[in-house]
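Participant: The structure file target.txt (compact mmCIF, C-alpha atoms) is provided below.
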# COMPACT_ATOMS: atom_id res chain seq x y z
CA MET A 61 18.37 11.73 -4.18
CA PRO A 62 16.49 14.76 -5.41
CA HIS A 63 17.46 14.29 -9.04
CA ASP A 64 15.34 12.73 -11.71
CA HIS A 65 16.46 10.01 -14.06
CA SER A 66 16.56 9.99 -17.77
CA ASP A 67 16.12 6.68 -19.51
CA HIS A 68 19.76 6.20 -20.42
CA ASP A 69 21.15 6.38 -16.89
CA HIS A 70 18.85 3.78 -15.35
CA ALA A 71 21.09 1.24 -13.67
CA HIS A 72 18.51 -1.53 -14.00
CA ALA A 73 19.07 -1.54 -17.77
CA LEU A 74 22.45 -3.17 -17.04
CA LEU A 75 20.76 -6.32 -15.72
CA PRO A 76 19.77 -9.22 -17.99
CA PRO A 77 16.32 -8.73 -19.60
CA ASP A 78 14.76 -11.91 -18.22
CA PRO A 79 13.17 -11.05 -14.83
CA ALA A 80 14.10 -14.37 -13.21
CA LEU A 81 17.73 -13.81 -14.19
CA ARG A 82 17.57 -10.21 -12.98
CA VAL A 83 16.43 -11.33 -9.56
CA ARG A 84 19.05 -14.05 -9.42
CA ALA A 85 21.80 -11.58 -10.35
CA LEU A 86 20.77 -9.18 -7.58
CA GLU A 87 20.43 -12.02 -5.08
CA THR A 88 23.91 -13.28 -5.96
CA ILE A 89 25.46 -9.83 -5.61
CA LEU A 90 23.77 -8.97 -2.30
CA THR A 91 24.41 -12.30 -0.64
CA ARG A 92 28.04 -12.54 -1.86
CA LYS A 93 28.76 -9.04 -0.63
CA GLY A 94 27.61 -10.14 2.79
CA LEU A 95 24.77 -7.63 2.88
CA ILE A 96 21.87 -10.09 3.05
CA ALA A 97 21.98 -13.59 4.47
CA PRO A 98 20.12 -16.12 2.28
CA ASN A 99 18.08 -17.27 5.27
CA ALA A 100 16.83 -13.70 5.74
CA LEU A 101 15.11 -14.08 2.36
CA ASP A 102 13.66 -17.44 3.42
CA GLU A 103 12.36 -15.80 6.59
CA ILE A 104 10.44 -13.17 4.60
CA ILE A 105 8.94 -15.68 2.18
CA ASP A 106 7.93 -18.04 4.98
CA THR A 107 6.30 -15.18 6.91
CA TYR A 108 4.02 -14.16 4.05
CA GLN A 109 3.28 -17.64 2.70
CA ASN A 110 2.78 -19.57 5.91
CA ARG A 111 2.25 -17.29 8.89
CA ILE A 112 0.48 -14.11 7.79
CA GLY A 113 -2.61 -14.02 5.62
CA PRO A 114 -6.32 -13.16 5.51
CA GLN A 115 -7.00 -15.68 8.28
CA ASN A 116 -5.64 -13.00 10.65
CA GLY A 117 -8.15 -10.42 9.48
CA ALA A 118 -10.95 -13.00 9.57
CA THR A 119 -10.22 -13.67 13.25
CA VAL A 120 -10.56 -9.95 13.98
CA VAL A 121 -13.83 -9.66 12.05
CA ALA A 122 -15.37 -12.74 13.70
CA ARG A 123 -14.49 -11.34 17.13
CA ALA A 124 -16.04 -7.97 16.21
CA TRP A 125 -19.25 -9.71 15.12
CA SER A 126 -19.41 -11.62 18.40
CA ASP A 127 -18.30 -9.04 20.95
CA PRO A 128 -19.86 -5.53 20.86
CA ALA A 129 -17.25 -4.07 23.24
CA PHE A 130 -14.43 -5.41 21.05
CA ARG A 131 -16.16 -4.04 17.95
CA ALA A 132 -16.49 -0.58 19.51
CA ALA A 133 -12.83 -0.56 20.56
CA LEU A 134 -11.75 -1.79 17.12
CA LEU A 135 -13.59 1.00 15.33
CA LYS A 136 -12.13 3.54 17.75
CA ASP A 137 -8.47 2.45 17.76
CA ALA A 138 -7.78 -0.52 15.51
CA THR A 139 -3.98 -0.33 15.75
CA SER A 140 -3.78 -1.08 19.45
CA VAL A 141 -6.71 -3.53 19.46
CA VAL A 142 -5.28 -5.75 16.71
CA ALA A 143 -1.76 -5.40 18.16
CA ASP A 144 -3.13 -6.90 21.39
CA LEU A 145 -4.10 -9.95 19.28
CA GLY A 146 -0.53 -10.10 17.95
CA TYR A 147 -1.23 -8.51 14.58
CA PHE A 148 1.26 -5.73 14.03
CA GLY A 149 4.26 -5.07 11.83
CA ARG A 150 5.38 -3.97 8.41
CA GLN A 151 2.60 -2.31 6.40
CA GLY A 152 0.23 -2.39 9.35
CA GLU A 153 1.74 0.20 11.68
CA HIS A 154 -1.35 2.45 11.58
CA MET A 155 -4.64 0.57 11.20
CA VAL A 156 -8.15 1.91 10.72
CA VAL A 157 -11.18 -0.38 10.49
CA VAL A 158 -14.24 0.91 8.63
CA GLU A 159 -17.62 -0.71 9.11
CA ASN A 160 -20.08 -1.69 6.39
CA THR A 161 -23.74 -0.97 7.16
CA PRO A 162 -26.94 -1.14 5.11
CA GLU A 163 -26.43 2.60 4.47
CA GLN A 164 -22.73 2.54 3.61
CA HIS A 165 -20.37 0.15 1.85
CA ASN A 166 -16.60 0.65 2.14
CA MET A 167 -13.96 -0.37 -0.37
CA VAL A 168 -10.16 0.04 -0.22
CA VAL A 169 -7.70 0.81 -3.02
CA CYS A 170 -4.26 2.33 -3.46
CA THR A 171 -4.30 4.24 -6.74
CA LEU A 172 -0.64 5.36 -6.50
CA CYS A 173 0.97 2.00 -5.66
CA SER A 174 -0.33 -1.04 -3.76
CA CYS A 175 -0.63 -0.17 -0.04
CA TYR A 176 -2.38 -3.01 1.80
CA PRO A 177 -2.67 -4.13 5.46
CA TRP A 178 -0.07 -6.92 5.39
CA PRO A 179 -0.29 -8.08 9.06
CA LEU A 180 -4.04 -8.70 8.67
CA LEU A 181 -4.34 -9.79 5.02
CA GLY A 182 -0.87 -10.86 3.88
CA ILE A 183 0.39 -9.75 0.49
CA PRO A 184 -2.20 -8.39 -1.93
CA PRO A 185 -3.80 -10.40 -4.74
CA GLY A 186 -2.82 -9.60 -8.32
CA TRP A 187 -6.05 -7.75 -9.10
CA TYR A 188 -5.49 -5.35 -6.19
CA LYS A 189 -2.17 -4.32 -7.77
CA SER A 190 -3.56 -4.22 -11.32
CA ASP A 191 -3.85 -1.05 -13.36
CA ALA A 192 -7.56 -1.79 -13.89
CA TYR A 193 -8.38 -1.84 -10.17
CA ARG A 194 -6.13 1.12 -9.31
CA ALA A 195 -7.58 3.19 -12.15
CA ARG A 196 -11.25 2.28 -11.83
CA ALA A 197 -12.04 1.70 -8.13
CA VAL A 198 -12.17 5.40 -7.28
CA ARG A 199 -14.21 6.47 -10.32
CA GLU A 200 -16.63 3.57 -10.75
CA PRO A 201 -16.64 1.38 -7.63
CA ARG A 202 -20.03 -0.11 -8.47
CA ALA A 203 -18.85 -1.24 -11.91
CA VAL A 204 -15.78 -2.79 -10.25
CA LEU A 205 -18.02 -4.52 -7.69
CA ALA A 206 -20.00 -5.93 -10.61
CA ASP A 207 -16.75 -7.49 -11.91
CA PHE A 208 -16.72 -9.36 -8.56
CA GLY A 209 -20.37 -10.34 -8.90
CA VAL A 210 -21.42 -7.95 -6.13
CA GLY A 211 -24.46 -5.69 -6.46
CA LEU A 212 -25.46 -3.14 -3.81
CA PRO A 213 -28.95 -1.88 -2.99
CA PRO A 214 -29.65 1.49 -4.65
CA ASP A 215 -29.81 3.31 -1.30
CA THR A 216 -26.40 2.11 -0.13
CA ALA A 217 -23.69 4.77 -0.51
CA VAL A 218 -20.15 3.71 -1.39
CA ARG A 219 -17.05 5.08 0.28
CA VAL A 220 -13.79 4.29 -1.51
CA TRP A 221 -10.68 4.70 0.66
CA ASP A 222 -7.61 5.57 -1.42
CA SER A 223 -4.62 4.58 0.77
CA THR A 224 -2.39 7.56 0.03
CA ALA A 225 -0.50 7.59 3.38
CA GLU A 226 0.76 4.97 5.86
CA ILE A 227 -2.72 4.37 7.28
CA ARG A 228 -3.92 0.89 6.34
CA TYR A 229 -7.65 0.25 6.07
CA LEU A 230 -9.58 -2.94 6.77
CA VAL A 231 -13.27 -3.27 5.98
CA LEU A 232 -15.50 -4.80 8.64
CA PRO A 233 -18.09 -6.58 6.48
CA MET A 234 -21.71 -6.98 7.58
CA ARG A 235 -22.46 -10.17 9.49
CA PRO A 236 -24.55 -12.44 7.28
CA GLU A 237 -28.04 -13.37 8.33
CA GLY A 238 -28.64 -16.84 9.73
CA THR A 239 -25.37 -16.88 11.72
CA GLU A 240 -26.84 -16.25 15.19
CA GLY A 241 -25.73 -19.55 16.69
CA LEU A 242 -22.21 -19.65 15.27
CA ASP A 243 -19.08 -19.31 17.39
CA GLU A 244 -16.09 -17.15 16.39
CA GLU A 245 -14.28 -20.00 14.69
CA ALA A 246 -17.26 -20.81 12.48
CA LEU A 247 -17.86 -17.12 11.77
CA ALA A 248 -14.25 -16.62 10.69
CA GLN A 249 -14.79 -19.23 7.96
CA LEU A 250 -17.36 -16.89 6.38
CA VAL A 251 -14.97 -13.94 6.19
CA THR A 252 -13.27 -13.83 2.81
CA ARG A 253 -10.19 -11.79 1.95
CA ASP A 254 -12.19 -9.76 -0.57
CA SER A 255 -14.89 -8.96 1.99
CA MET A 256 -12.21 -7.23 4.09
CA ILE A 257 -11.04 -5.18 1.08
CA GLY A 258 -14.66 -4.35 0.25
CA THR A 259 -14.84 -6.04 -3.15
CA GLY A 260 -16.84 -8.90 -1.67
CA LEU A 261 -19.40 -9.69 1.01
CA ALA A 262 -19.06 -12.22 3.79
CA LYS A 263 -20.25 -15.71 2.85
CA VAL A 264 -23.70 -16.91 3.85
CA PRO A 265 -23.51 -20.23 5.75
CA SER A 266 -24.52 -23.17 3.58
CA MET B 5 3.53 17.44 -13.39
CA THR B 6 2.41 13.89 -12.84
CA ARG B 7 3.80 10.45 -13.53
CA VAL B 8 2.62 7.21 -14.98
CA HIS B 9 1.81 5.61 -11.61
CA ASP B 10 -0.82 8.29 -10.90
CA MET B 11 -3.62 6.41 -12.63
CA GLY B 12 -6.69 6.89 -10.39
CA GLY B 13 -9.76 7.58 -12.54
CA ARG B 14 -8.10 6.65 -15.84
CA PHE B 15 -10.24 5.08 -18.56
CA GLY B 16 -9.39 2.12 -20.75
CA ASP B 17 -7.90 -0.54 -18.45
CA GLY B 18 -10.62 -3.14 -18.89
CA PRO B 19 -12.19 -5.46 -16.32
CA VAL B 20 -10.80 -6.36 -12.90
CA VAL B 21 -10.21 -10.11 -12.78
CA PRO B 22 -10.99 -11.69 -9.36
CA GLU B 23 -8.81 -14.47 -7.91
CA PRO B 24 -9.45 -17.31 -5.44
CA GLN B 25 -9.81 -16.31 -1.77
CA GLY B 26 -7.20 -17.06 0.88
CA VAL B 27 -3.44 -16.60 0.99
CA VAL B 28 -2.15 -15.28 -2.32
CA PRO B 29 0.33 -17.74 -3.83
CA PHE B 30 3.38 -16.40 -5.67
CA ALA B 31 2.88 -16.94 -9.40
CA ALA B 32 6.58 -17.73 -9.95
CA GLU B 33 9.57 -18.45 -7.75
CA TRP B 34 11.30 -15.25 -8.84
CA HIS B 35 8.31 -13.25 -7.57
CA GLU B 36 8.89 -14.39 -4.00
CA ASN B 37 12.60 -13.72 -4.34
CA ALA B 38 11.90 -10.26 -5.77
CA LEU B 39 9.67 -9.40 -2.81
CA ALA B 40 12.11 -10.84 -0.26
CA LEU B 41 15.15 -9.10 -1.78
CA THR B 42 13.36 -5.75 -1.87
CA VAL B 43 12.19 -6.02 1.74
CA ALA B 44 15.58 -7.26 2.99
CA ALA B 45 17.54 -4.60 1.08
CA GLY B 46 15.24 -1.94 2.54
CA ALA B 47 16.29 -3.12 5.98
CA LEU B 48 19.88 -2.06 5.18
CA GLY B 49 18.62 1.44 6.01
CA LYS B 50 20.07 3.29 3.01
CA TRP B 51 16.65 4.49 1.89
CA ASN B 52 13.12 4.81 3.23
CA ILE B 53 9.69 3.74 1.97
CA ASP B 54 9.13 7.09 0.24
CA THR B 55 12.46 6.84 -1.60
CA SER B 56 11.60 3.35 -2.80
CA ARG B 57 8.13 4.40 -3.97
CA HIS B 58 9.72 7.29 -5.85
CA ALA B 59 12.27 4.93 -7.43
CA ARG B 60 9.40 2.87 -8.89
CA GLU B 61 7.55 5.97 -10.02
CA THR B 62 10.58 7.32 -11.90
CA LEU B 63 10.78 4.27 -14.12
CA SER B 64 10.07 5.56 -17.61
CA PRO B 65 6.38 5.38 -18.53
CA LYS B 66 7.26 2.80 -21.14
CA ASP B 67 9.04 0.55 -18.60
CA TYR B 68 6.41 1.13 -15.89
CA THR B 69 3.67 0.03 -18.25
CA ARG B 70 5.36 -3.01 -19.76
CA TYR B 71 6.89 -4.34 -16.53
CA SER B 72 4.90 -6.69 -14.36
CA TYR B 73 4.50 -5.76 -10.69
CA TYR B 74 7.63 -7.44 -9.34
CA GLU B 75 9.67 -6.40 -12.38
CA LYS B 76 9.03 -2.81 -11.28
CA TRP B 77 10.25 -3.67 -7.79
CA ILE B 78 13.42 -5.29 -9.08
CA ALA B 79 14.23 -2.47 -11.50
CA ALA B 80 13.74 0.15 -8.78
CA LEU B 81 15.82 -1.93 -6.35
CA ALA B 82 18.70 -2.13 -8.83
CA ASP B 83 18.55 1.64 -9.33
CA LEU B 84 18.55 2.32 -5.57
CA LEU B 85 21.41 -0.09 -4.90
CA VAL B 86 23.61 1.73 -7.41
CA GLU B 87 22.50 5.24 -6.36
CA THR B 88 23.31 4.54 -2.73
CA GLY B 89 26.63 2.91 -3.58
CA LEU B 90 25.74 -0.48 -2.08
CA VAL B 91 26.34 -2.07 -5.48
CA ASP B 92 28.56 -0.94 -8.30
CA ALA B 93 27.17 -0.57 -11.84
CA GLU B 94 29.95 -2.90 -13.03
CA GLU B 95 28.66 -5.52 -10.61
CA LEU B 96 25.17 -5.30 -12.09
CA LYS B 97 26.68 -5.73 -15.55
CA ALA B 98 28.76 -8.71 -14.42
CA GLY B 99 25.92 -10.23 -12.38
CA LYS B 100 28.28 -10.90 -9.47
CA ALA B 101 29.98 -9.14 -6.57
CA LEU B 102 33.28 -7.53 -7.58
CA VAL B 103 34.01 -5.54 -4.42
CA PRO B 104 33.43 -7.63 -1.32
CA VAL B 105 32.24 -5.70 1.70
CA THR B 106 34.84 -6.08 4.41
CA SER B 107 33.32 -4.51 7.48
CA GLY B 108 30.98 -1.81 8.67
CA ASP B 109 27.94 -2.67 6.64
CA ALA B 110 25.19 -4.46 8.49
CA VAL B 111 24.39 -7.99 7.48
CA ILE B 112 20.68 -8.69 7.33
CA THR B 113 20.20 -12.00 9.09
CA ALA B 114 17.01 -14.03 9.41
CA GLN B 115 16.74 -12.95 13.03
CA ARG B 116 17.15 -9.26 12.25
CA MET B 117 14.64 -9.59 9.41
CA ALA B 118 12.03 -11.28 11.61
CA THR B 119 12.39 -8.51 14.17
CA GLY B 120 12.12 -5.84 11.47
CA LEU B 121 8.95 -7.33 9.96
CA ALA B 122 7.33 -7.59 13.39
CA LYS B 123 8.27 -4.05 14.44
CA GLY B 124 7.45 -2.29 11.18
CA SER B 125 8.30 1.37 10.69
CA PRO B 126 5.64 3.66 12.13
CA ALA B 127 5.32 6.97 10.26
CA SER B 128 3.74 8.95 13.12
CA ARG B 129 5.96 11.60 14.71
CA ASP B 130 5.84 14.49 17.11
CA SER B 131 5.58 17.70 15.13
CA ASP B 132 5.91 21.44 15.67
CA VAL B 133 3.34 22.04 12.96
CA ALA B 134 0.03 22.80 14.65
CA PRO B 135 -3.12 21.27 13.12
CA CYS B 136 -5.06 23.97 11.30
CA PHE B 137 -8.13 21.96 10.27
CA ASP B 138 -10.92 20.48 12.38
CA VAL B 139 -13.17 17.51 11.67
CA GLY B 140 -16.02 18.67 9.45
CA GLN B 141 -14.14 21.67 8.07
CA ALA B 142 -14.27 22.34 4.32
CA VAL B 143 -10.91 22.27 2.53
CA ARG B 144 -9.62 22.51 -1.01
CA THR B 145 -6.62 20.59 -2.31
CA LEU B 146 -3.85 22.40 -4.15
CA ARG B 147 -3.78 22.40 -7.92
CA PRO B 148 -1.75 21.08 -9.64
CA ALA B 149 -1.02 17.92 -7.66
CA ALA B 150 2.75 18.25 -7.43
CA ASN B 151 5.71 18.16 -5.10
CA ARG B 152 6.36 21.77 -4.03
CA LEU B 153 9.91 21.04 -2.82
CA VAL B 154 11.35 19.14 -5.78
CA ASN B 155 10.10 19.63 -9.30
CA GLY B 156 8.84 16.28 -10.57
CA GLY B 157 9.36 14.86 -7.09
CA HIS B 158 7.33 12.38 -5.07
CA THR B 159 3.91 13.38 -3.75
CA ARG B 160 0.87 11.51 -2.45
CA LEU B 161 -1.79 13.88 -3.73
CA PRO B 162 -3.21 12.05 -6.76
CA SER B 163 -3.91 14.26 -9.77
CA TYR B 164 -7.57 13.22 -9.86
CA ALA B 165 -8.06 14.97 -6.50
CA ALA B 166 -6.20 18.21 -7.32
CA GLY B 167 -8.16 21.42 -6.79
CA ALA B 168 -11.08 19.51 -5.26
CA ARG B 169 -13.28 20.60 -2.39
CA GLY B 170 -13.66 18.11 0.43
CA ARG B 171 -14.24 17.94 4.17
CA ILE B 172 -12.05 16.73 6.99
CA LEU B 173 -13.27 13.35 8.20
CA ARG B 174 -10.55 12.34 10.67
CA CYS B 175 -7.27 13.65 12.04
CA HIS B 176 -4.51 11.00 12.11
CA GLY B 177 -1.96 13.09 14.01
CA ALA B 178 1.38 14.13 12.50
CA HIS B 179 3.09 11.83 9.98
CA VAL B 180 6.33 11.95 7.99
CA LEU B 181 5.84 14.07 4.84
CA PRO B 182 6.67 11.89 1.79
CA ASP B 183 7.35 14.91 -0.43
CA SER B 184 10.34 15.75 1.77
CA ASN B 185 11.37 12.33 3.04
CA ALA B 186 11.60 10.76 -0.45
CA HIS B 187 14.31 13.23 -1.40
CA GLY B 188 16.60 13.20 1.61
CA LEU B 189 15.20 16.52 2.82
CA GLY B 190 14.17 15.29 6.25
CA GLU B 191 11.00 13.78 7.65
CA ALA B 192 9.25 17.16 8.06
CA PRO B 193 6.27 15.64 9.92
CA GLU B 194 2.97 17.51 9.75
CA PRO B 195 -0.71 16.77 10.45
CA LEU B 196 -2.33 14.11 8.27
CA TYR B 197 -6.09 13.92 7.70
CA ALA B 198 -8.63 11.61 6.10
CA VAL B 199 -10.53 13.88 3.72
CA ALA B 200 -13.88 13.03 2.10
CA PHE B 201 -14.75 14.12 -1.43
CA ALA B 202 -18.13 13.71 -3.06
CA ALA B 203 -17.81 11.55 -6.18
CA GLY B 204 -19.47 14.39 -8.10
CA GLU B 205 -16.60 16.69 -7.11
CA LEU B 206 -14.08 14.38 -8.78
CA TRP B 207 -15.85 12.76 -11.73
CA ALA B 208 -17.87 14.01 -14.67
CA ALA B 209 -20.34 11.13 -14.39
CA PRO B 210 -20.45 9.83 -10.79
CA GLU B 211 -22.21 6.50 -10.35
CA HIS B 212 -24.33 7.60 -7.40
CA PRO B 213 -25.04 11.00 -5.79
CA ASP B 214 -24.09 9.77 -2.30
CA ASP B 215 -20.79 8.07 -3.16
CA GLU B 216 -17.55 9.44 -1.74
CA VAL B 217 -13.81 8.96 -2.11
CA ILE B 218 -11.65 9.32 1.00
CA LEU B 219 -7.97 10.24 0.77
CA ASP B 220 -5.30 10.60 3.43
CA LEU B 221 -3.78 14.03 2.82
CA TRP B 222 -1.10 16.07 4.55
CA GLN B 223 -1.94 19.54 5.80
CA SER B 224 0.31 21.30 3.26
CA TYR B 225 -1.67 19.67 0.41
CA MET B 226 -4.74 21.73 1.35
CA GLU B 227 -6.08 25.18 2.10
CA PRO B 228 -9.35 26.21 3.80
CA ALA B 229 -12.27 26.25 1.37
Here is the file; what I need is its structure written in the form of structure tokens.

Facilitator:
Amino acid sequence: MPHDHSDHDHAHALLPPDPALRVRALETILTRKGLIAPNALDEIIDTYQNRIGPQNGATVVARAWSDPAFRAALLKDATSVVADLGYFGRQGEHMVVVENTPEQHNMVVCTLCSCYPWPLLGIPPGWYKSDAYRARAVREPRAVLADFGVGLPPDTAVRVWDSTAEIRYLVLPMRPEGTEGLDEEALAQLVTRDSMIGTGLAKVPS
Amino acid sequence: MTRVHDMGGRFGDGPVVPEPQGVVPFAAEWHENALALTVAAGALGKWNIDTSRHARETLSPKDYTRYSYYEKWIAALADLLVETGLVDAEELKAGKALVPVTSGDAVITAQRMATGLAKGSPASRDSDVAPCFDVGQAVRTLRPAANRLVNGGHTRLPSYAAGARGRILRCHGAHVLPDSNAHGLGEAPEPLYAVAFAAGELWAAPEHPDDEVILDLWQSYMEPA
């Protein structure tokens, strides 16, 4: 399909204007034609609402905080290390984990669309897909962090990873102080979704 | 030269509005159906991820801007279904199937979908194209940021990084080239690199002298600097 469209030949203009009705029309057509079974749609929704989410990424981070050998392997070859934990699949075929340190803070964006590590974080929050985040994260990451209530020390450099290919990035946040005695399960509770995108920090235990 | 989706660095979009942590709930029932339909229809194998990204990008700037996220997905899906002949334009107009599929076409079942989600679609490939950059090497991206195979076609070099000097940070191996794959011209795999750019190379007023932006860029997007 090398051709471009002009406005008048866009097929989607033939659908009803209301988005809910548009979706229903397409669903009716595709299921009636025998192309997609209705339970295939249920399978997808169930996967991303009930089985896959940021709890997966939090498990990986808590393990990395607790186990130096695991952490080293994760930073070297995240794809195979997280696959061994059962985290693999659509939008997570090529994983790279980048580590926050006092010297360097990492933050992930996709300026061209909304690429996001689904097997580890689920589907992205609305702000990640918003024009404001896509436009601003690369140019003024510190101002964006301020929108999240995060301030960095002046000697911390920021690296913004723009996900322009099929590599999916996960941030390994810094382990909070005062967590020395905690096991992996307790540590995972401190790992927020945003801390693994780089727009937040891990929680400090209360 | 560029399209409306290529918005990195743009001014004027206002604040980013954080949301509660945890699993992201769907804001409306049609959102979950829009996501599921798009993913399931992709599994029919009539197009690839680059084609579907391009379909969203070729929405008119007016539509792209006024549509919500999943409205873009649904509009692009409708366009792809008609372009590939899976659905007839008359069927879209009628809102129902007019030509039942008799045989041949795969039916996406729950089982097949579960397998597909778990397997994913890796983009790494063997390639005859030898890597010509090493880690640490200085490179410059092409300018303008544009598809060199199809005028106005899909590319993953954002315009904000066109003509910029950076350094190779990592080699990812060879990956499918979106500029080719989006347009039915073959996968044309070539080396892919993570490339670091100083914020001051990209922006008139960088926030901090040590900040960097990293992009994943294909070899043909760059030349030695």

Participant: Using all atoms listed in the file, which of the listed residues (A:Thr161, A:Thr239, A:Thr88, A:Ser255) sits closest to chain B?

Facilitator: A:Thr88

Participant: Would you compute the distance between atom CA of B:Val28 and atom CA of A:Cys170? Give it in Å to one decimal.

Facilitator: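 Computing the Euclidean distance for atom CA of B:Val28 and atom CA of A:Cys170 yields 17.8 Å.
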
Participant: Rounded to one decimal, what separation in Å do you get between atom CA of B:Val217 and atom CA of A:Trp178?

Facilitator: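 It comes out at 22.3 Å.
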
Participant: Let me make sure I understand: among A:Glu103, A:Glu153, A:Asp222, A:Glu245, which one has the smallest atom-to-atom distance to B:Ala127 if we use only C-alpha atoms?

Facilitator: A:Glu153

Participant: Dig up all the protein and nucleic acid residues within 10 Å of (-22.8, -22.3, 3.5) in the file frame, using all atoms listed in the file, and format them as a JSON list (two decimals) with C-alpha atoms, keeping the file's coordinate frame.

Facilitator:
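Dumped everything to result12.json:
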[["chain", "number", "residue", "atom", "x", "y", "z"],
["A", 249, "GLN", "CA", -14.79, -19.23, 7.96],
["A", 250, "LEU", "CA", -17.36, -16.89, 6.38],
["A", 263, "LYS", "CA", -20.25, -15.71, 2.85],
["A", 264, "VAL", "CA", -23.70, -16.91, 3.85],
["A", 265, "PRO", "CA", -23.51, -20.23, 5.75],
["A", 266, "SER", "CA", -24.52, -23.17, 3.58]]

Participant: Give as a PyMOL selection string each residue that has an atom at most 10 Å from (1.4, 20.0, 2.9) in the file, counting all atoms listed in the file.

Facilitator: chain B and resi 145-146+151-152+159+161+181-184+192-196+221-227

Participant: So that I can see what lies close to B:Leu39, please list as a list in words the residues with an atom at most 9 Å from it, counting only C-alpha atoms and leaving out residues fewer than 2 positions away in the same chain.

Facilitator: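 Listing them by chain and then by number gives Leu101, Ile104 and Ile105 of chain A; Trp34, His35, Glu36, Asn37, Leu41, Thr42, Val43, Ala44, Tyr74, Trp77 and Ile78 of chain B.
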
Participant: If you measure from atom CA of B:Gly120 to atom CA of A:Met167, what distance in Å do you get, rounded to one decimal?

Facilitator: 29.2 Å

Participant: Counting only C-alpha atoms, which residue out of B:Ala229, B:Ala186, B:Ile172, B:Val143 sits closest to chain A?

Facilitator: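 Among the listed residues, B:Ala186 lies closest to chain A.
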
Participant: If we count only C-alpha atoms, what is near stretch 51-64 of chain B at a cut-off of 8 Å, once residues fewer than 4 positions away on the same chain are taken out, given as a PyMOL selection string?

Facilitator: (chain A and resi 64-67+173) or (chain B and resi 7-9+46+68+76-77+79-81+83-84+157-158+182+185-187)

Participant: I'd like the contact shell of B:Ala168 - 7 Å cut-off, only C-alpha atoms, skipping same-chain residues fewer than 6 positions apart - returned as a PyMOL selection string.

Facilitator: chain B and resi 144-145+205-206

Participant: For those residues, write C-alpha atoms to a file as an mmCIF file, keeping the file's coordinate frame.

Facilitator:
data_model
loop_
_atom_site.group_PDB
_atom_site.id
_atom_site.type_symbol
_atom_site.label_atom_id
_atom_site.label_comp_id
_atom_site.auth_asym_id
_atom_site.auth_seq_id
_atom_site.Cartn_x
_atom_site.Cartn_y
_atom_site.Cartn_z
ATOM 1 C CA ARG B 144 -9.620 22.510 -1.010
ATOM 2 C CA THR B 145 -6.620 20.590 -2.310
ATOM 3 C CA GLU B 205 -16.600 16.690 -7.110
ATOM 4 C CA LEU B 206 -14.080 14.380 -8.780
#

Participant: Go through A:Pro179, A:Pro213, A:Gly260, A:Gly186 one by one, measure the shortest atom-to-atom distance of each to A:Tyr108 using all atoms listed in the file, and give the residue with the smallest value.

Facilitator: A:Pro179

Participant: Quick one: everything within 8 Å of B:Ile112, counting only C-alpha atoms, minus sequence neighbours fewer than 3 positions away in the same chain. Send it as number ranges by chain.

Facilitator: A: 95-97, 100; B: 44, 47-48, 116-117
